[in-house]
Amino acid sequence: MSALGQPLKRIEDRPLITGTGRFAADEQRPGQVHMRVVRSPVAFGRLVGVDTEEAAALPGVRAVWTHADIADLPPIDFRMTRIQGLDPYRQYVLAKDYVRYVGDPVAVVFADDPYVAEDAAEMVFCDIEEEDACLDATLDPVPFMPETLPGVLSEPACIVKAYGDLDAAFAGAAHVIELEVKVGRHTGVPLETRGALAVYDAARDVITMYGASKVPHYNRDSIARMLGLPQDHVQLSEGHVGGGFGIRGELYPEDVLVCRGAHVLGVPVKWVEDRREHLLAANHSRDQVHRMRAAVDANGFIRGLADTFFTDQGGYVRTHGGTVSDLAAALLPGPYVIPAYRVEGHIRLTNKTPAGTYRAPGRYETTFARERLMDAIAHRLGLDPVEVRKVNLIREDQMPFDRGIDALGTHVVYDSGKYHDLLERTLARVDYPALQARFAARRAAGEKVGIGLAFFIEKSGLGPRDRVTLTVLPDDRIEVVTGVASIGQGIETAMAQICSDVVGLPIENIRIIHGQTERISEGYGAFASRVTVMTGSAVRLASQSLQETAFAQAAPLLQTRPDDLDLVGGRVVARSSGAAISLSDLAAQLPEGLTAEGVFEADHMTYPYGVHVAQVKVDPETCGVAVERYLVAYDVGRAINPMMIDGQIVGAAAQGIGGALLEEFVYDEAGQPLAASFADYLMPTSHEMPPVDVLLREDAPSPLNPLGVKGAGEGGITAVGAAIAAAVDDALGRPGLIDRLPISPNRLHAVLGARA
Amino acid sequence: MADKRAVTLNVNGKDYRITVEPRRTLADALRDDCGLTGTHIGCEHGVCGACTVLVDNRPVRSCLMFAVQAEGRNVRTVEGLANGEELHPLQKAFWEKHGLQCGFCTPGFLMLATGILEAEPDISDEDLRDVLSSNLCRCTGYQNIIKAVRAAASEMRACQPSASL
């Protein structure tokens, strides 16, 4: 039986359940020193001086650096979505001239012991002339660094995308509906904080950084460039990774500092941040305000949509460049036809932690915006919200659907989809009419309970390509080397299943090497739900190529023709005679061994889609919202391992519930973060999680790759905010009440009071 | 800096003679001084539970306890769960039920669950969910963790009938 589509147990789990995994903080080298970052205590100000004398004198301290000590290092460049005009807003690895958020790295201490490094860091005095912080991205732009960069304002770029005749759409509209919504600031917050260990091997003149993740090859190239070293003199190595969610593995100041530290000090340098630092320093996300205006006909069909939105980018523009805003702008129309559209996305800097991508970047926000708009249209026109969606959904016969705009430099063409069909299946799964009747009865009995539904599309499988190499090893084993990374999502198992499908060996016999720049020349990383699509396709191509080579080599040995051969259970078998040879034995007989390479290229993304249904109960006394049940229906084209996909979806739904109800980076008026610990930044526990039902479908395989797969990592989160908001409206009998996330008890109490 | 002190930690039945500052947390001592890096540190303020170990068979946040306080106590960590190659029922259940993804929180959940199931083999589903809400997981959404602990509870009950039977 093929391994494809089977809910197989993961091959990566044993070290993780026995405590023998190797995460960044588990790396140790003799003679290592510990790095501690001194961070700005204020949100915005002119950095006049940094007094390091007392810290440097503390026994056990090896060095204390400020910007002056690393002035040759350029700012950290963009990995993606480089937009004209962003350059002045890049972050230096240590603050230069100004500090722009609480947590901005100002100095680093290197010491023999991590406790001493922390003691010394507290002795560093930052002389900062504090200025008024800018904390509202919707206000007029303000100077970025007034004295040193005069005229540079806090709007680095405005992304404009448009198609269709918007004027005509509004001119003939039966209704014009306007809506402003806001999604709060929250982010991935993996359980493992960031960390790294850099080792300089003077004999080889190579710096190796352990603790890499997500995009090791790109970061290797960037670090080498920043340090002025040849590319092959920097290597990155990935161990176990305690969750990614978009934020981990981007190139951060600390990564560059450990490498420079190891290079200059000549000893291994280890850095592990604490949780407060993580919440202050790792990328934030979301935080968008959308102002929409829709031209609608009498049936609820959206003739045209105009949107102006603001992304609160925080203190600097980091590696993602304009990615989040670009995705938001391109994917706001989502699964609906919307024949005319214009969007203006303002990227605005404030004095908060810089922002980047977080699982479903730009889609969580715009799905909330768009689906709230659909509900508003339904309410205004007196229509059923589900019916309004049906009127607007792109039909199966319109696929592939060319949106007429770009996202991340690729043309947006929805590759396949049966949107109406999935909506019907979803309604059937929850028995929608019966569910509505049941909830109506409970409301009549005084309970504040409601149902909310939201439709979304995701995007996945970003190119440009991926490469894998396969080597047949002794003892019926195969090694697969890929340049992508694992962030804990089970890629070893998924890749092994794809390889196993062709070669017939059990997945336990297939070893996946990932995240090691020394092992393979290129790799594009683990983000944008791209691994199963891109790397998976490359594994399939490589496996097929291995089969072809094996047949060609085995045919003379088995005294037959290649077309008489099958590959069964890792053995090449002649159908005519039954003669057979294992791949391992065949490899042993070939001077070059048995290897294969697979390269998969894609210039378009794939677009999975789904529906979320939330059932909530509001406590009118506390204004707390409890999610009673949750459903995610998701079409991933083809499921490699349904158990792991189910896990991805449920886990993502939990994060979505966090963003919808609990998680928010709140600041006071001076820009001091008020959610810098897990006591204040609240993530869902098992208490807050409802039973999540997953309706996994394979109705619309992608025509863009040999497996037909679409990415499964993000769809569990995308529509959570939208569905829960609709459910809370329903529970309270107040259509349109919720226009902002998170729906915290105090905010719900305030709007209920204000609008009572 | 305060002077270092000699401490003997008994971890998984084995004595570790280490010398630590009084301020050194049990979590750091286990990881850096005993070399037992299976205990993970996720927040250092006692919320996430990734560092949960058993001290005298009760679940404890090892980031909130000093190493010197553990002297003379019995400490159990994830490294002591399996019996050689034979996994503990909880370990097997987490694997079977896909109760982990990145695996960073897993040792903490395993020790928390070990502590509770040893103390209360017949714990109700509601109480179990309540206890498991002590720890944070960012990958799984908890559904499979709860399934895994329930499955392990049944297996452990089957293997070791409770005294009341």
# chains A, B, ... in the order shown; residues from 1 in each chain; ligands from 1
>>> interface_residues(of="chain A", to="chain B", cutoff="7 Å", atoms="only C-alpha atoms", output="PDB file with N, CA and C atoms, in the first residue's frame")
ATOM      1  N   LYS A   9       2.448   7.452  11.723  1.00  0.00           N
ATOM      2  CA  LYS A   9       3.151   8.053  12.862  1.00  0.00           C
ATOM      3  C   LYS A   9       4.424   8.747  12.371  1.00  0.00           C
ATOM      4  N   ASP A  13       9.598  11.721  15.874  1.00  0.00           N
ATOM      5  CA  ASP A  13       9.117  11.933  17.241  1.00  0.00           C
ATOM      6  C   ASP A  13       9.984  11.357  18.365  1.00  0.00           C
ATOM      7  N   LEU A  16      12.076  13.599  20.421  1.00  0.00           N
ATOM      8  CA  LEU A  16      11.295  14.666  21.042  1.00  0.00           C
ATOM      9  C   LEU A  16      10.523  14.183  22.268  1.00  0.00           C
ATOM     10  N   ILE A  17      10.174  12.895  22.302  1.00  0.00           N
ATOM     11  CA  ILE A  17       9.437  12.394  23.472  1.00  0.00           C
ATOM     12  C   ILE A  17      10.366  11.786  24.519  1.00  0.00           C
ATOM     13  N   THR A  18      11.632  11.616  24.162  1.00  0.00           N
ATOM     14  CA  THR A  18      12.556  11.034  25.136  1.00  0.00           C
ATOM     15  C   THR A  18      13.518  12.080  25.707  1.00  0.00           C
ATOM     16  N   GLY A  19      13.359  13.330  25.286  1.00  0.00           N
ATOM     17  CA  GLY A  19      14.217  14.379  25.837  1.00  0.00           C
ATOM     18  C   GLY A  19      15.605  14.419  25.239  1.00  0.00           C
ATOM     19  N   THR A  20      15.756  13.789  24.067  1.00  0.00           N
ATOM     20  CA  THR A  20      17.079  13.779  23.438  1.00  0.00           C
ATOM     21  C   THR A  20      17.141  14.679  22.209  1.00  0.00           C
ATOM     22  N   ASP A  26      20.200  23.824  23.525  1.00  0.00           N
ATOM     23  CA  ASP A  26      20.861  22.579  23.947  1.00  0.00           C
ATOM     24  C   ASP A  26      22.277  22.464  23.384  1.00  0.00           C
ATOM     25  N   PRO A 190       6.361  31.234  19.382  1.00  0.00           N
ATOM     26  CA  PRO A 190       6.686  29.817  19.569  1.00  0.00           C
ATOM     27  C   PRO A 190       7.125  29.568  21.003  1.00  0.00           C
ATOM     28  N   LEU A 191       6.955  28.314  21.454  1.00  0.00           N
ATOM     29  CA  LEU A 191       7.295  28.008  22.849  1.00  0.00           C
ATOM     30  C   LEU A 191       8.799  28.060  23.105  1.00  0.00           C
ATOM     31  N   GLU A 192       9.579  27.760  22.079  1.00  0.00           N
ATOM     32  CA  GLU A 192      11.030  27.920  22.221  1.00  0.00           C
ATOM     33  C   GLU A 192      11.372  29.356  21.842  1.00  0.00           C
ATOM     34  N   THR A 193      12.066  30.036  22.723  1.00  0.00           N
ATOM     35  CA  THR A 193      12.510  31.390  22.358  1.00  0.00           C
ATOM     36  C   THR A 193      13.643  31.268  21.339  1.00  0.00           C
ATOM     37  N   VAL A 241      13.652  22.561  16.150  1.00  0.00           N
ATOM     38  CA  VAL A 241      13.148  23.935  16.164  1.00  0.00           C
ATOM     39  C   VAL A 241      11.793  23.943  16.861  1.00  0.00           C
ATOM     40  N   GLY A 242      11.700  24.769  17.888  1.00  0.00           N
ATOM     41  CA  GLY A 242      10.511  24.772  18.724  1.00  0.00           C
ATOM     42  C   GLY A 242       9.399  25.674  18.242  1.00  0.00           C
ATOM     43  N   GLY A 243       9.007  25.470  17.002  1.00  0.00           N
ATOM     44  CA  GLY A 243       7.893  26.240  16.437  1.00  0.00           C
ATOM     45  C   GLY A 243       8.388  27.449  15.671  1.00  0.00           C
ATOM     46  N   ASP A 274      15.426  35.477  26.638  1.00  0.00           N
ATOM     47  CA  ASP A 274      14.386  35.094  27.578  1.00  0.00           C
ATOM     48  C   ASP A 274      13.027  35.491  26.986  1.00  0.00           C
ATOM     49  N   ARG A 275      11.972  35.116  27.674  1.00  0.00           N
ATOM     50  CA  ARG A 275      10.639  35.316  27.102  1.00  0.00           C
ATOM     51  C   ARG A 275      10.294  36.794  26.954  1.00  0.00           C
ATOM     52  N   ILE A 487      10.255  23.380  10.914  1.00  0.00           N
ATOM     53  CA  ILE A 487       9.938  24.206  12.075  1.00  0.00           C
ATOM     54  C   ILE A 487       9.036  23.425  13.012  1.00  0.00           C
ATOM     55  N   GLY A 488       9.134  22.104  12.908  1.00  0.00           N
ATOM     56  CA  GLY A 488       8.376  21.259  13.814  1.00  0.00           C
ATOM     57  C   GLY A 488       7.085  20.743  13.220  1.00  0.00           C
ATOM     58  N   GLN A 489       6.887  20.965  11.928  1.00  0.00           N
ATOM     59  CA  GLN A 489       5.587  20.627  11.338  1.00  0.00           C
ATOM     60  C   GLN A 489       5.538  19.223  10.748  1.00  0.00           C
ATOM     61  N   GLY A 490       6.626  18.475  10.846  1.00  0.00           N
ATOM     62  CA  GLY A 490       6.575  17.084  10.396  1.00  0.00           C
ATOM     63  C   GLY A 490       7.049  16.864   8.976  1.00  0.00           C
ATOM     64  N   GLY A 647      -3.550  17.895  12.583  1.00  0.00           N
ATOM     65  CA  GLY A 647      -2.789  18.542  13.655  1.00  0.00           C
ATOM     66  C   GLY A 647      -2.457  19.992  13.329  1.00  0.00           C
ATOM     67  N   VAL A 650      -5.851  22.048  13.614  1.00  0.00           N
ATOM     68  CA  VAL A 650      -6.332  22.281  14.981  1.00  0.00           C
ATOM     69  C   VAL A 650      -5.393  23.254  15.706  1.00  0.00           C
ATOM     70  N   GLY A 651      -4.095  23.055  15.517  1.00  0.00           N
ATOM     71  CA  GLY A 651      -3.130  23.953  16.156  1.00  0.00           C
ATOM     72  C   GLY A 651      -3.262  25.376  15.658  1.00  0.00           C
ATOM     73  N   ALA A 654      -6.232  27.053  17.172  1.00  0.00           N
ATOM     74  CA  ALA A 654      -5.967  27.540  18.532  1.00  0.00           C
ATOM     75  C   ALA A 654      -5.295  28.909  18.480  1.00  0.00           C
ATOM     76  N   PHE A 678       4.043  36.158  29.845  1.00  0.00           N
ATOM     77  CA  PHE A 678       2.884  35.295  29.620  1.00  0.00           C
ATOM     78  C   PHE A 678       1.772  35.554  30.638  1.00  0.00           C
ATOM     79  N   THR A 685      -5.055  28.123  26.473  1.00  0.00           N
ATOM     80  CA  THR A 685      -4.663  26.874  27.124  1.00  0.00           C
ATOM     81  C   THR A 685      -5.710  25.827  26.743  1.00  0.00           C
ATOM     82  N   SER A 686      -5.570  24.635  27.308  1.00  0.00           N
ATOM     83  CA  SER A 686      -6.544  23.587  26.990  1.00  0.00           C
ATOM     84  C   SER A 686      -7.948  23.985  27.464  1.00  0.00           C
ATOM     85  N   HIS A 687      -8.032  24.913  28.392  1.00  0.00           N
ATOM     86  CA  HIS A 687      -9.329  25.411  28.866  1.00  0.00           C
ATOM     87  C   HIS A 687     -10.089  26.174  27.790  1.00  0.00           C
ATOM     88  N   MET A 689      -9.710  25.969  24.582  1.00  0.00           N
ATOM     89  CA  MET A 689      -9.878  25.296  23.296  1.00  0.00           C
ATOM     90  C   MET A 689     -11.152  24.460  23.244  1.00  0.00           C
TER      91      MET A 689
END
>>> select_by_dssp(residues="stretch 432-513 of chain A", states="strand (DSSP E or B)", output="number ranges by chain")
A: 449-457, 460, 465-473, 477-482, 510-513
>>> closest_residue(among="B:Val60, B:Met65, B:Gly72, B:Leu26", to="B:Asn10", atoms="only C-alpha atoms")
B:Gly72
>>> closest_atom_pairs(of="stretch 343-431 of chain A", to="stretch 132-156 of chain A", cutoff="10 Å", atoms="only C-alpha atoms", output="tab-separated table")
residue	atom	partner	partner_atom	distance
A:His346	CA	A:Glu155	CA	6.9
A:Ile347	CA	A:Glu155	CA	5.8
A:Arg348	CA	A:Glu155	CA	4.6
A:Leu349	CA	A:Ser154	CA	4.9
A:Thr350	CA	A:Cys134	CA	5.1
A:Asn351	CA	A:Cys134	CA	5.6
A:Lys352	CA	A:Leu135	CA	7.1
>>> residues_around(residues="stretch 630-638 of chain A", least_positions_apart="6", cutoff="6 Å", atoms="only C-alpha atoms", output="MDAnalysis selection string")
chainID A and resid 608:614 692:698 700:702 708:710
>>> atom_distance(atom1="atom CA of A:Glu522", atom2="atom CA of A:His604")
19.9 Å
>>> atom_distance(atom1="atom CA of A:Pro684", atom2="atom CA of A:Ser744")
13.0 Å
>>> closest_residue(among="A:Ala121, A:Ala653, A:Val106, A:Cys499", to="A:Ala596", atoms="only C-alpha atoms")
A:Cys499
>>> residues_around(residues="B:Ala152", least_positions_apart="2", cutoff="6 Å", atoms="only C-alpha atoms", output="number ranges by chain")
B: 89-90, 93, 149-150, 154-156
>>> residues_around(residues="A:Asp564", least_positions_apart="4", cutoff="8 Å", atoms="only C-alpha atoms", output="short mmCIF file (atom, residue, chain, number, x, y, z; two decimals) with N, CA and C atoms, in the first residue's frame")
data_model
loop_
_atom_site.label_atom_id
_atom_site.label_comp_id
_atom_site.auth_asym_id
_atom_site.auth_seq_id
_atom_site.Cartn_x
_atom_site.Cartn_y
_atom_site.Cartn_z
N THR A 560 17.30 -8.42 -18.44
CA THR A 560 16.02 -8.07 -19.03
C THR A 560 16.07 -6.62 -19.49
N ALA A 574 12.16 -8.04 -11.81
CA ALA A 574 11.79 -8.31 -13.21
C ALA A 574 10.47 -9.06 -13.23
N ARG A 575 9.49 -8.49 -13.93
CA ARG A 575 8.17 -9.12 -13.99
C ARG A 575 8.24 -10.50 -14.65
N SER A 576 9.07 -10.60 -15.70
CA SER A 576 9.11 -11.84 -16.48
C SER A 576 9.72 -13.00 -15.71
#
>>> closest_residue(among="A:Glu492, A:Glu180, A:Glu365, A:Asp312", to="A:Ala329", atoms="only C-alpha atoms")
A:Glu365
>>> atom_distance(atom1="atom CA of A:Met292", atom2="atom CA of A:Thr367")
12.6 Å
>>> select_by_dssp(residues="stretch 205-247 of chain A", states="alpha helix (DSSP H)", output="count of residues only")
12
>>> closest_residue(among="A:Ile405, A:Ile223, A:Ala169, A:Ala24", to="A:Ile302", atoms="only C-alpha atoms")
A:Ala169
